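Chemist: Input: one structure, supplied below.
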There are 2 protein chains.
Amino acid sequence: MQEIPYKIYLNEDEMPKQWYNVRADMKNKPAPLLNPATMQPMTENELSAVFCKELVKQELDDKTAYFDIPQEILDFYKMYRPSPLVRAYCLEKKLQTPAKIYYKFEGNNTSGSHKLNSAIAQAYYAKMQGLRGVTTETGAGQWGTALSMATAYLGLDCKVYMVKVSYEQKPFRREVMRTYGASVTPSPSTQTEVGRRILQKHPGTSGSLGCAISEAVEYATTHDGYRYVLGSVLNQVLLHQSVIGLESKAALDKYGVKPDIIIGCAGGGSNLGGLISPFMGEKLRGEADYRFIAVEPASCPSFTRGRFAYDFCDTGMVCPLAKMYTLGSSFIPSANHAGGLRYHGMSSILSQLYHDGLMEAVSVEQTSVFEAAEYFARTEGILPAPESSHAIRAALDQAIKCRETGEEKTILFGLTGTGYFDMLAYEKFHDGQMSDYIPTDEDLKHGFDGIPAQPEI
Amino acid sequence: MQEIPYKIYLNEDEMPKQWYNVRADMKNKPAPLLNPATMQPMTENELSAVFCKELVKQELDDKTAYFDIPQEILDFYKMYRPSPLVRAYCLEKKLQTPAKIYYKFEGNNTSGSHKLNSAIAQAYYAKMQGLRGVTTETGAGQWGTALSMATAYLGLDCKVYMVKVSYEQKPFRREVMRTYGASVTPSPSTQTEVGRRILQKHPGTSGSLGCAISEAVEYATTHDGYRYVLGSVLNQVLLHQSVIGLESKAALDKYGVKPDIIIGCAGGGSNLGGLISPFMGEKLRGEADYRFIAVEPASCPSFTRGRFAYDFCDTGMVCPLAKMYTLGSSFIPSANHAGGLRYHGMSSILSQLYHDGLMEAVSVEQTSVFEAAEYFARTEGILPAPESSHAIRAALDQAIKCRETGEEKTILFGLTGTGYFDMLAYEKFHDGQMSDYIPTDEDLKHGFDGIPAQPEI
């Protein structure tokens with residue numbers, strides 16, 4: 001067999017030209033979004049008030065297996081893709097494991113994560129529709145940065161509502177977005193009806209993702225030429241992110257390598273869904289078998305401790321309901337939880353796959369995640385994002401198991417991004433100030449406070 | 001001709017196996033370092049008290065053209081190299097220039113710059129010599145981060161003296177170094193004789209690079225098993241950094257492309273020297289001709305307004321003297337100068353080449369540098385470091401000139417790193433708080449205050 005290099009880069013002509021829609025191969029399709037007013041499935045028309053038309057089509061289409069990637073998006077992808085598929089030789093050696101470890105590194109672009117794969121797609125369709133701009137929310141700022149880069153490239157306006165506490169504590173993320181020409185507003189703001197209402201009710205509030213979503217949606221639906229875009233959870237996002245898995249598979253196929261275990265961190269599911277899609281497709285079609293492991297924080301354990309039920313996508317309970325594994329839309333992870341992966345729910349696609357036993361899930365505590373992060377940084381050179389480090393933790397655990405059993409398993413995991421903007425969390429870790437918090441059953445019950453009884457359809 | 005992809009990546013087997021020593025092809029060799037006590041050339045023995053033996057040999061050897069890169073360094077290079085040679089299609093299109101623009105991007109590793117190329121080499125030779133560790137100074141932190149990564153990989157101790165003001169203002173850089181296991185001390189400290197002396201004299205001082213150098217050298221020379229390492233200026237550093245130019249040349253050769261103009265930013269010369277070395281070698285041997293342009297900040301203009309003279313390498317005037325273009329070792333750039341490129345002198349090799357008319361130099365003001373940085377970020381996606389943006393400014397100017405004249409020149413420039421840790425400077429720029437400062441002739445005169453008359457040898 002050909003010797004495998006440290007990094008496998010596809011040539012430009014080997015890069016995927018189509019996205020893969022895993023829903024096409026699912027026997028049990030993910031349940032549709034529901035209109036909170038009528039509790040009926042959201043129609044194309046209703047969704048088009050919020051999202052771009054072409055994206056609504058992608059959102060609703062569970063039959064078409066492949067979507068052509070438009071040339072302008074392919075060109076943009078060429079600026080920062082293909083991302084490297086790395087053979088973790090150094091990690092294998094240090095762990096003294098017979099396992100073969102690969103990771104797909106999505107952090108080598110200025111947004112620092114895989115979010116750019118969907119940001120450029122969503123911005124592109126907005127431009128094709130003749131829109132002036134897009135609105136979105138951002139917490140830690142990865143998604144907002146990615147969207148700013150995409151809109152700067154296409155010449156679109158970009159309006160980002162950034163959770164106020166992040167706006168103040170992460171001024172550097174904000175500056176990156178400004179460098180790309182985005183207008184960044186701390187949320188809640190006085191620019192929107194909902195923002196003013198919240199500020200009146202809670203004058204000193206430092207904001208929340210749920211509130212920022214509500215403001216972004218309100219701005220988009222009350223201003224001509226704007227639509228709202230979202231960086232995770234949605235079916236369209238998983239479709240765009242399939243480029244991660246397609247590239248990984250093409251790179252492995254080139255060297256005749258078949259992974260046994262595929263591991264990804266899971267917040268809303270954008271990375272995990274993208275990474276596993278083409279492999280899951282093979283499994284669904286009975287062509288191959290893989291073990292899939294979703295890794296989530298013990299402090300926000302939607303897969304491992306959530307319910308599979310209809311729930312609101314936002315904390316403000318104004319957005320549609322999705323059927324998903326959820327901790328309840330009123331759930332807010334403990335303040336000592338660092339980084340992302342703090343969404344209360346999970347992609348409907350991934351939820352259905354998990355429910356059908358096609359995928360496993362584990363939860364890990366953050367101290368052990370940062371231990372894995374530091375070990376990885378010192379061994380493989382790359383400083384990982386806290387989110388990505390959840391997948392590292394699980395991959396290390398699997399590789400150590402192989403050392404114990406002597407099994408030569410092939411492990412593939414998704415390294416979604418870099419940790420340059422997360423050094424406060426690393427500092428806490430170095431100073432021994434980091435703690436773990438696992439929500440009690442009582443905490444979890446409160447996530448469903450105020451949520452109306454779930455409809456059966 | 002074959003179509004040129006957006007990014008040219010060499011295969012592993014095409015990566016350079018040797019460093020190129022441009023001194024071997026120079027008719028006028030760079031002048032030797034002088035011992036400040038005797039004003040005689042530093043001997044191998046004298047230098048070995050401070051630097052590793054093998055590195056001293058590299059420092060003094062101006063005859064050997066090629067040095068084999070040891071296998072362990074080649075393996076480390078494979079973790080983050082080859083770096084991409086990017087064809088700036090988007091930039092060309094936006095500028096509407098007939099010029100063909102390429103840049104060698106060295107920022108896709110966690111240290112965020114090219115510094116890692118020499119850090120791993122210097123750490124490796126320290127390990128081969130059986131040392132326990134290395135010491136160094138760092139200002140903004142790029143070099144310290146690179147060295148931490150290299151020593152973590154090799155299991156060496158790493159002691160970094162970080163200028164106190166940076167230590168306090170750039171806590172995130174410090175945390176990255178700690179993640180890689182380095183011990184980071186704000187300088188001046190009470191750990192060294194020289195630190196205590198300075199603290200006694202200037203109790204409230206926020207430190208300087210010169211003082212941090214003195215502390216790092218003192219620690220190395222007074223502790224068993226330690227040597228001092230340096231990230232720029234030295235001949236050995238340019239030797240290691242030649243990997244940048246060798247990879248660039250191999251990538252261009254693959255597609256039959258010959259650059260007309262090669263542009264690099266210049267502080268101490270590590271990146272510029274590394275980028276141009278193999279091309280300069282061809283020019284020196286009469287095999288090809290190229291225009292080389294060094295770009296320096298108008299606020300620290302050693303090439304364009306300095307003297308070609310023997311001067312101390314450090315502000316403290318305890319290190320050897322080098323013959324170089326210098327603003328005087330007492331020169332300190334204006335406080336409103338952002339980023340690196342603030343060294344008072346310049347590599348002896350580059351100084352000699354410039355003196356011999358083999359290279360040009362321009363100086364640029366920082367507001368125009370940040371304009372170029374933002375333009376580049378929005379067009380090519382990558383958020384550049386302020387240092388690298390000096391080269392971008394000059395490349396844009398050349399490409400615009402081509403638009404005016406219609407010439408289809410091929411421009412290659414070095415994009416040394418990313419700006420993630422420089423967002424304070426970007427913020428100043430966005431807020432209109434950034435100003436330019438060009439030192440007066442009177443300012444420049446003071447750079448030579450207290451420096452003894454220059455020896456003639």
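By order of appearance in the structure tokens: chains A, B, ..., then residues from 1 within every chain, and ligands from 1 in the order shown.
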How close does each residue of chain B get to chain A, giving the shortest atom pair and distance in Å to one decimal for every residue with an atom at most 8 Å away, counting only C-alpha atoms, sorted by chain and residue number, as JSON lines?

Modeler:
```
{"residue": "B:Pro5", "atom": "CA", "partner": "A:Glu12", "partner_atom": "CA", "distance": 6.8}
{"residue": "B:Tyr6", "atom": "CA", "partner": "A:Lys78", "partner_atom": "CA", "distance": 6.2}
{"residue": "B:Lys7", "atom": "CA", "partner": "A:Met79", "partner_atom": "CA", "distance": 7.5}
{"residue": "B:Tyr9", "atom": "CA", "partner": "A:Tyr9", "partner_atom": "CA", "distance": 8.0}
{"residue": "B:Glu12", "atom": "CA", "partner": "A:Pro5", "partner_atom": "CA", "distance": 6.8}
{"residue": "B:Lys78", "atom": "CA", "partner": "A:Tyr6", "partner_atom": "CA", "distance": 6.2}
{"residue": "B:Met79", "atom": "CA", "partner": "A:Tyr6", "partner_atom": "CA", "distance": 6.4}
{"residue": "B:Asn108", "atom": "CA", "partner": "A:Asn108", "partner_atom": "CA", "distance": 6.1}
{"residue": "B:Asn109", "atom": "CA", "partner": "A:Ile382", "partner_atom": "CA", "distance": 6.8}
{"residue": "B:Thr110", "atom": "CA", "partner": "A:Ile382", "partner_atom": "CA", "distance": 5.4}
{"residue": "B:Met149", "atom": "CA", "partner": "A:Gly381", "partner_atom": "CA", "distance": 6.5}
{"residue": "B:Ala152", "atom": "CA", "partner": "A:Arg378", "partner_atom": "CA", "distance": 5.6}
{"residue": "B:Tyr153", "atom": "CA", "partner": "A:Thr379", "partner_atom": "CA", "distance": 6.0}
{"residue": "B:Phe172", "atom": "CA", "partner": "A:Met423", "partner_atom": "CA", "distance": 5.4}
{"residue": "B:Glu175", "atom": "CA", "partner": "A:Glu427", "partner_atom": "CA", "distance": 5.9}
{"residue": "B:Val176", "atom": "CA", "partner": "A:Met423", "partner_atom": "CA", "distance": 7.1}
{"residue": "B:Arg178", "atom": "CA", "partner": "A:His430", "partner_atom": "CA", "distance": 7.7}
{"residue": "B:Thr179", "atom": "CA", "partner": "A:Glu374", "partner_atom": "CA", "distance": 6.1}
{"residue": "B:Tyr180", "atom": "CA", "partner": "A:Arg378", "partner_atom": "CA", "distance": 5.7}
{"residue": "B:Glu374", "atom": "CA", "partner": "A:Thr179", "partner_atom": "CA", "distance": 6.0}
{"residue": "B:Ala377", "atom": "CA", "partner": "A:Tyr180", "partner_atom": "CA", "distance": 7.1}
{"residue": "B:Arg378", "atom": "CA", "partner": "A:Ala152", "partner_atom": "CA", "distance": 5.6}
{"residue": "B:Thr379", "atom": "CA", "partner": "A:Tyr153", "partner_atom": "CA", "distance": 6.1}
{"residue": "B:Glu380", "atom": "CA", "partner": "A:Met79", "partner_atom": "CA", "distance": 7.1}
{"residue": "B:Gly381", "atom": "CA", "partner": "A:Met149", "partner_atom": "CA", "distance": 6.5}
{"residue": "B:Ile382", "atom": "CA", "partner": "A:Thr110", "partner_atom": "CA", "distance": 5.4}
{"residue": "B:Leu383", "atom": "CA", "partner": "A:Thr110", "partner_atom": "CA", "distance": 6.0}
{"residue": "B:Tyr420", "atom": "CA", "partner": "A:Tyr420", "partner_atom": "CA", "distance": 7.0}
{"residue": "B:Phe421", "atom": "CA", "partner": "A:Tyr420", "partner_atom": "CA", "distance": 8.0}
{"residue": "B:Met423", "atom": "CA", "partner": "A:Phe172", "partner_atom": "CA", "distance": 5.4}
{"residue": "B:Leu424", "atom": "CA", "partner": "A:Phe172", "partner_atom": "CA", "distance": 7.2}
{"residue": "B:Tyr426", "atom": "CA", "partner": "A:Glu175", "partner_atom": "CA", "distance": 6.9}
{"residue": "B:Glu427", "atom": "CA", "partner": "A:Glu175", "partner_atom": "CA", "distance": 5.9}
{"residue": "B:His430", "atom": "CA", "partner": "A:Thr179", "partner_atom": "CA", "distance": 7.6}
```

Chemist: Set the distance at 12 Å and use only C-alpha atoms: which residues neighbour B:Thr410 once local chain neighbours fewer than 5 positions away are removed? I'd like the list as a ChimeraX atom specification.

Modeler: /B:87-88,92,97-103,252,256-263,290-291,395,398-399,402

Chemist: What is the distance between atom CA of A:Ser214 and atom CA of A:Thr145, in Å to one decimal?

Modeler: 19.3 Å

Chemist: Which residue, A:Asp356, A:Glu137, A:Asp311, A:Glu59, has the smallest gap to A:Gly447 when you use only C-alpha atoms?

Modeler: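 Ranking A:Asp356, A:Glu137, A:Asp311, A:Glu59 by distance to A:Gly447, first place goes to A:Asp311.
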
Chemist: Let me make sure I understand: among A:Ser368, A:Asn117, A:Thr416, A:Gln352, which one has the smallest atom-to-atom distance to A:Arg393 if we use only C-alpha atoms?

Modeler: A:Ser368

Chemist: Pick out the closest residue to B:Lys53 from this set: B:Ser187, B:His114, B:Ala37, B:Val229. Count only C-alpha atoms.

Modeler: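 Closest residue, counting only C-alpha atoms: B:Val229.
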
Chemist: Skipping near chain neighbours, those fewer than 4 positions away, what residues fall within 9 Å of A:Phe331 using only C-alpha atoms, listed as a PDB file with N, CA, C and O atoms, in the first residue's frame?

Modeler:
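Here's the written file selection-v5.pdb:
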```pdb
ATOM      1  N   CYS A 300     -24.261  20.100  28.783  1.00  0.00           N
ATOM      2  CA  CYS A 300     -25.359  20.398  27.841  1.00  0.00           C
ATOM      3  C   CYS A 300     -25.666  19.135  27.032  1.00  0.00           C
ATOM      4  O   CYS A 300     -25.450  19.088  25.831  1.00  0.00           O
ATOM      5  N   THR A 315     -35.048  30.205  22.484  1.00  0.00           N
ATOM      6  CA  THR A 315     -35.438  30.385  23.878  1.00  0.00           C
ATOM      7  C   THR A 315     -36.670  31.281  23.981  1.00  0.00           C
ATOM      8  O   THR A 315     -37.473  31.140  24.904  1.00  0.00           O
ATOM      9  N   THR A 326     -33.793  17.232  22.851  1.00  0.00           N
ATOM     10  CA  THR A 326     -33.753  18.581  23.416  1.00  0.00           C
ATOM     11  C   THR A 326     -33.765  18.535  24.940  1.00  0.00           C
ATOM     12  O   THR A 326     -34.321  17.611  25.542  1.00  0.00           O
ATOM     13  N   LEU A 327     -33.121  19.528  25.502  1.00  0.00           N
ATOM     14  CA  LEU A 327     -33.134  19.699  26.959  1.00  0.00           C
ATOM     15  C   LEU A 327     -34.233  20.676  27.350  1.00  0.00           C
ATOM     16  O   LEU A 327     -34.357  21.051  28.520  1.00  0.00           O
ATOM     17  N   TYR A 343     -26.198  24.705  22.720  1.00  0.00           N
ATOM     18  CA  TYR A 343     -27.570  24.765  22.217  1.00  0.00           C
ATOM     19  C   TYR A 343     -28.422  23.699  22.919  1.00  0.00           C
ATOM     20  O   TYR A 343     -27.974  22.585  23.141  1.00  0.00           O
ATOM     21  N   HIS A 344     -29.662  24.068  23.208  1.00  0.00           N
ATOM     22  CA  HIS A 344     -30.511  23.151  23.984  1.00  0.00           C
ATOM     23  C   HIS A 344     -30.985  21.957  23.165  1.00  0.00           C
ATOM     24  O   HIS A 344     -31.366  20.935  23.710  1.00  0.00           O
ATOM     25  N   ASP A 443     -32.510  20.293  37.352  1.00  0.00           N
ATOM     26  CA  ASP A 443     -32.121  21.343  36.392  1.00  0.00           C
ATOM     27  C   ASP A 443     -32.740  21.053  35.025  1.00  0.00           C
ATOM     28  O   ASP A 443     -33.263  21.947  34.355  1.00  0.00           O
ATOM     29  N   LEU A 444     -32.623  19.797  34.629  1.00  0.00           N
ATOM     30  CA  LEU A 444     -33.072  19.437  33.282  1.00  0.00           C
ATOM     31  C   LEU A 444     -34.573  19.582  33.142  1.00  0.00           C
ATOM     32  O   LEU A 444     -35.072  19.951  32.089  1.00  0.00           O
ATOM     33  N   LYS A 445     -35.287  19.303  34.228  1.00  0.00           N
ATOM     34  CA  LYS A 445     -36.743  19.428  34.162  1.00  0.00           C
ATOM     35  C   LYS A 445     -37.139  20.867  33.801  1.00  0.00           C
ATOM     36  O   LYS A 445     -38.038  21.097  33.014  1.00  0.00           O
ATOM     37  N   HIS A 446     -36.389  21.836  34.383  1.00  0.00           N
ATOM     38  CA  HIS A 446     -36.741  23.245  34.172  1.00  0.00           C
ATOM     39  C   HIS A 446     -36.593  23.691  32.721  1.00  0.00           C
ATOM     40  O   HIS A 446     -37.129  24.715  32.325  1.00  0.00           O
ATOM     41  N   GLY A 447     -35.834  22.936  31.935  1.00  0.00           N
ATOM     42  CA  GLY A 447     -35.676  23.295  30.523  1.00  0.00           C
ATOM     43  C   GLY A 447     -37.007  23.333  29.792  1.00  0.00           C
ATOM     44  O   GLY A 447     -37.149  24.006  28.779  1.00  0.00           O
ATOM     45  N   PHE A 448     -37.966  22.599  30.314  1.00  0.00           N
ATOM     46  CA  PHE A 448     -39.261  22.542  29.637  1.00  0.00           C
ATOM     47  C   PHE A 448     -40.302  23.472  30.260  1.00  0.00           C
ATOM     48  O   PHE A 448     -41.469  23.432  29.892  1.00  0.00           O
ATOM     49  N   ASP A 449     -39.842  24.322  31.184  1.00  0.00           N
ATOM     50  CA  ASP A 449     -40.765  25.275  31.807  1.00  0.00           C
ATOM     51  C   ASP A 449     -41.425  26.148  30.752  1.00  0.00           C
ATOM     52  O   ASP A 449     -40.749  26.726  29.902  1.00  0.00           O
TER      53      ASP A 449
END
```

Chemist: Run DSSP on the backbone and grab whatever in stretch 306-387 of chain A lands in helix (DSSP H, G or I); send it over as a PyMOL selection string.

Modeler: chain A and resi 348-355+366-380+386-387

Chemist: Got a sec to tell me which of stretch 229-424 of chain B DSSP assigns to strand (DSSP E or B), as JSON, numbers by chain?

Modeler: {"B": [261, 262, 263, 264, 265, 291, 292, 293, 294, 295, 296, 297, 307, 308, 309, 310, 311, 312, 321, 322, 323, 324, 325, 326, 360, 361, 362, 363, 364, 384, 410, 411, 412, 413, 414, 415, 417, 418]}

Chemist: State, in Å with one decimal place, the distance from atom CA of B:Gly345 to atom CA of B:Ser206.

Modeler: 22.1 Å

Chemist: Can you pull out the residues contacting A:Glu46? Cut-off 10 Å, using only C-alpha atoms, and skip same-chain residues under 4 positions away; I want them as an MDAnalysis selection string.

Modeler: chainID A and resid 35 41:42 50:51 56

Chemist: Go ahead and save the residues from that selection, with N, CA and C atoms, as a compact mmCIF listing (two decimals), in the first residue's frame.

Modeler:
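Output saved as again_35.txt:
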```
# COMPACT_ATOMS: atom_id res chain seq x y z
N ASN A 35 -45.23 25.23 12.56
CA ASN A 35 -45.57 26.62 12.80
C ASN A 35 -46.12 26.73 14.23
N PRO A 41 -47.18 21.77 9.83
CA PRO A 41 -45.87 21.88 9.18
C PRO A 41 -45.69 23.24 8.49
N MET A 42 -44.54 23.83 8.66
CA MET A 42 -44.22 25.11 8.02
C MET A 42 -44.24 24.91 6.51
N VAL A 50 -38.71 34.34 6.07
CA VAL A 50 -37.53 34.43 6.94
C VAL A 50 -36.25 34.07 6.20
N PHE A 51 -36.32 32.98 5.41
CA PHE A 51 -35.13 32.48 4.73
C PHE A 51 -35.21 32.73 3.23
N VAL A 56 -34.86 27.61 1.39
CA VAL A 56 -36.10 26.96 1.86
C VAL A 56 -36.30 25.64 1.11
```

Chemist: Find, counting only C-alpha atoms, the residue in B:Ile244, B:Ala372, B:Leu239, B:Leu396 that gets nearest to B:Gly414.

Modeler: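 Counting only C-alpha atoms, the residue closest to B:Gly414 is B:Ile244.
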
Chemist: Which residues are close to stretch 157-164 of chain A, i.e. within 6 Å by only C-alpha atoms, leaving aside same-chain residues fewer than 5 positions away? Reply as number ranges by chain.

Modeler: A: 133-139, 182-187, 206-208, 212

Chemist: Taking C-alpha atoms for each residue, export the selection above as a PDB file, in the first residue's frame.

Modeler:
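That gives us part-v5.pdb:
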```pdb
ATOM      1  CA  GLY A 133     -28.134  41.716   3.078  1.00  0.00           C
ATOM      2  CA  VAL A 134     -28.555  39.135   5.787  1.00  0.00           C
ATOM      3  CA  THR A 135     -28.965  39.173   9.549  1.00  0.00           C
ATOM      4  CA  THR A 136     -27.867  36.691  12.130  1.00  0.00           C
ATOM      5  CA  GLU A 137     -26.985  36.231  15.776  1.00  0.00           C
ATOM      6  CA  THR A 138     -23.667  35.164  17.204  1.00  0.00           C
ATOM      7  CA  GLY A 139     -22.545  34.080  20.646  1.00  0.00           C
ATOM      8  CA  ALA A 182     -20.125  43.625   9.259  1.00  0.00           C
ATOM      9  CA  SER A 183     -22.152  45.836  11.549  1.00  0.00           C
ATOM     10  CA  VAL A 184     -22.106  44.250  14.993  1.00  0.00           C
ATOM     11  CA  THR A 185     -24.756  45.241  17.540  1.00  0.00           C
ATOM     12  CA  PRO A 186     -24.728  44.151  21.168  1.00  0.00           C
ATOM     13  CA  SER A 187     -27.963  42.351  21.977  1.00  0.00           C
ATOM     14  CA  SER A 206     -26.203  40.814  29.470  1.00  0.00           C
ATOM     15  CA  GLY A 207     -28.223  39.118  26.739  1.00  0.00           C
ATOM     16  CA  SER A 208     -28.673  35.574  25.503  1.00  0.00           C
ATOM     17  CA  ALA A 212     -30.163  37.749  19.734  1.00  0.00           C
TER      18      ALA A 212
END
```

Chemist: Please, what distance in Å, to one decimal, runs between atom CA of A:Gln241 and atom CA of A:Gln122?

Modeler: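 Separation of atom CA of A:Gln241 and atom CA of A:Gln122: 11.6 Å.
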
Chemist: Determine, counting only C-alpha atoms, which protein, DNA and RNA residues have an atom within 12 Å of an atom of A:Ile276; residues of the same chain fewer than 2 positions away are not included. Present the result as a PyMOL selection string.

Modeler: chain A and resi 20-22+104+238-239+241-249+259+261-266+269-274+278-284+289-294+349-350+353+358-359+412-414

Chemist: Which residues are near B:Asp62? Cut-off 8 Å, only C-alpha atoms, ignore same chain within fewer than 5 positions. Put them as number ranges by chain.

Modeler: B: 21, 23-24, 29
